[in-house]
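Novice: The structure is given below, and queries will be raised subsequently.
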Amino acid sequence: STWLGNKAIYRTRMAIADDGELIILAPGLKQFGEDMVIDALIRKYGYVGSKRVLELVDKEEDLKNNLSAAAHLIHGSSEGRFKITYAPGHLSKEEIEQVNFSYLPLEEAMERYNPAHLKDGLNTLENGEELFFISNPALGLWALKEKF
């Protein structure tokens with residue numbers, strides 16, 4: 001679920017450049033929430049940023065009554081600072097885009113960003129593309145040294 005997969009967002013946000021892109025390889029992604037109620041709320045409201053989620057909490061009873069879902073929607077947003085792209089195993093392009101993420105087909109993502117061929121840290125692909133690969137973003141809180 002993105003309930004777990006979005007750790008990649010809030011654990012790396014301080015290391016991602018403005019206008020950068022976070023690509024999340026998620027072959028096991030089947031749903032958004034950890035249960036059907038939270039899944040429905042995520043599908044209904046999407047990842048729309050802190051300001052909008054707080055407005056929705058004031059107006060919408062279902063979100064007001066499930067503040068853990070509201071917090072998740074905030075943590076799962078880039079606040080418009082960088083692009084979030086999911087490469088899911090079991091969710092459609094329409095489902096991913098409906099919650100305000102970008103979509104990349106898993107097969108294409110695995111071919112281009114095969115974890116078996118990447119090392120943790122900076123990598124340069126054959127086409128010259130540079131990327132910073134984190135095999136398990138949940139293991140730390142990632143940031144640029146210059147930010148501190």
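Letters A, B, ... go to the chains of the structure tokens in the order shown; residues in each chain start at 1; ligands are counted from 1 in the same order.
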Applying 10 Å and only C-alpha atoms, which residues near A:Ala87 remain after dropping the ones on its own chain fewer than 3 positions away? List them as a compact mmCIF listing (two decimals) with C-alpha atoms, in the first residue's frame.

Specialist:
# COMPACT_ATOMS: atom_id res chain seq x y z
CA ILE A 23 10.50 7.33 -8.65
CA ILE A 24 9.13 4.59 -6.42
CA LEU A 25 9.43 1.03 -7.70
CA ALA A 26 6.47 -0.74 -6.11
CA PRO A 27 5.90 -4.21 -7.58
CA GLY A 28 3.71 -5.25 -4.65
CA LEU A 29 1.51 -2.13 -4.59
CA HIS A 90 -1.14 -3.98 -9.40
CA LEU A 91 -2.68 -0.49 -9.68
CA SER A 92 -3.62 1.12 -12.99
CA LYS A 93 -2.34 4.36 -14.47
CA ILE A 96 -2.23 6.32 -9.60
CA SER A 102 2.62 10.31 -11.89
CA TYR A 103 2.64 6.81 -13.35
CA LEU A 104 5.42 4.76 -14.89
CA PRO A 105 4.74 1.19 -16.06
CA LEU A 106 6.54 -1.21 -13.74
CA GLU A 107 8.15 -3.18 -16.58
CA GLU A 108 9.61 0.00 -18.07
CA ALA A 109 10.81 1.22 -14.67
CA MET A 110 12.45 -2.11 -13.83

Novice: Do a neighbour search on A:Ser1 at 6 Å with only C-alpha atoms, toss out local chain neighbours closer than 6 positions, and write the hits as a ChimeraX atom specification.

Specialist: /A:29,31-33

Novice: To one decimal place in Å, what is the distance between atom CA of A:Asn136 and atom CA of A:Leu67?

Specialist: 27.1 Å

Novice: From a backbone DSSP assignment, name each residue in chain A labelled strand (DSSP E or B), as number ranges by chain.

Specialist: A: 14, 21-26, 83-88, 102-103, 121-124, 130-133, 143

Novice: Find the residues of stretch 59-104 of chain A that sit at most 12 Å from stretch 35-39 of chain A; for each, write down the nearest two atoms and how far apart they are in Å, to one decimal. Count only C-alpha atoms. Sort by chain, then by number going up, and give it as CSV.

Specialist:
residue,atom,partner,partner_atom,distance
A:Asp62,CA,A:Val37,CA,9.5
A:Leu63,CA,A:Ile38,CA,9.3
A:Asn65,CA,A:Ile38,CA,11.0
A:Asn66,CA,A:Ile38,CA,8.0
A:Leu67,CA,A:Ile38,CA,10.1
A:Ser68,CA,A:Ile38,CA,8.6
A:Ala69,CA,A:Ile38,CA,6.0
A:Ala70,CA,A:Ile38,CA,9.3
A:Ala71,CA,A:Ile38,CA,11.2
A:His72,CA,A:Ile38,CA,9.5
A:Leu73,CA,A:Ile38,CA,10.2
A:Glu95,CA,A:Asp39,CA,11.5
A:Val99,CA,A:Asp39,CA,10.8

Novice: Output C-alpha atoms for every residue in the selection just made, as a tab-separated table (two decimals), in the first residue's frame.

Specialist:
chain	number	residue	atom	x	y	z
A	62	ASP	CA	-15.21	11.64	6.81
A	63	LEU	CA	-11.71	13.13	6.84
A	65	ASN	CA	-13.20	11.65	11.69
A	66	ASN	CA	-10.05	9.93	10.39
A	67	LEU	CA	-7.13	12.19	11.20
A	68	SER	CA	-4.63	9.39	10.60
A	69	ALA	CA	-5.72	9.38	6.94
A	70	ALA	CA	-5.42	13.18	6.84
A	71	ALA	CA	-1.89	13.01	8.27
A	72	HIS	CA	-0.99	10.34	5.72
A	73	LEU	CA	-2.23	12.55	2.86
A	95	GLU	CA	-5.73	4.90	-10.15
A	99	VAL	CA	-4.46	10.43	-6.31

Novice: Could you find all residues in chain A that DSSP calls helix (DSSP H, G or I) from the backbone, and write them as a ChimeraX atom specification?

Specialist: /A:2-5,7-10,36-45,50-59,61-64,67-75,93-98,106-112,115-117,137-139,145-147

Novice: Rank A:Gly121, A:Phe101, A:Thr2, A:Thr12 by their smallest atom-to-atom distance to A:Leu139, using only C-alpha atoms, and report the top residue only.

Specialist: A:Thr12
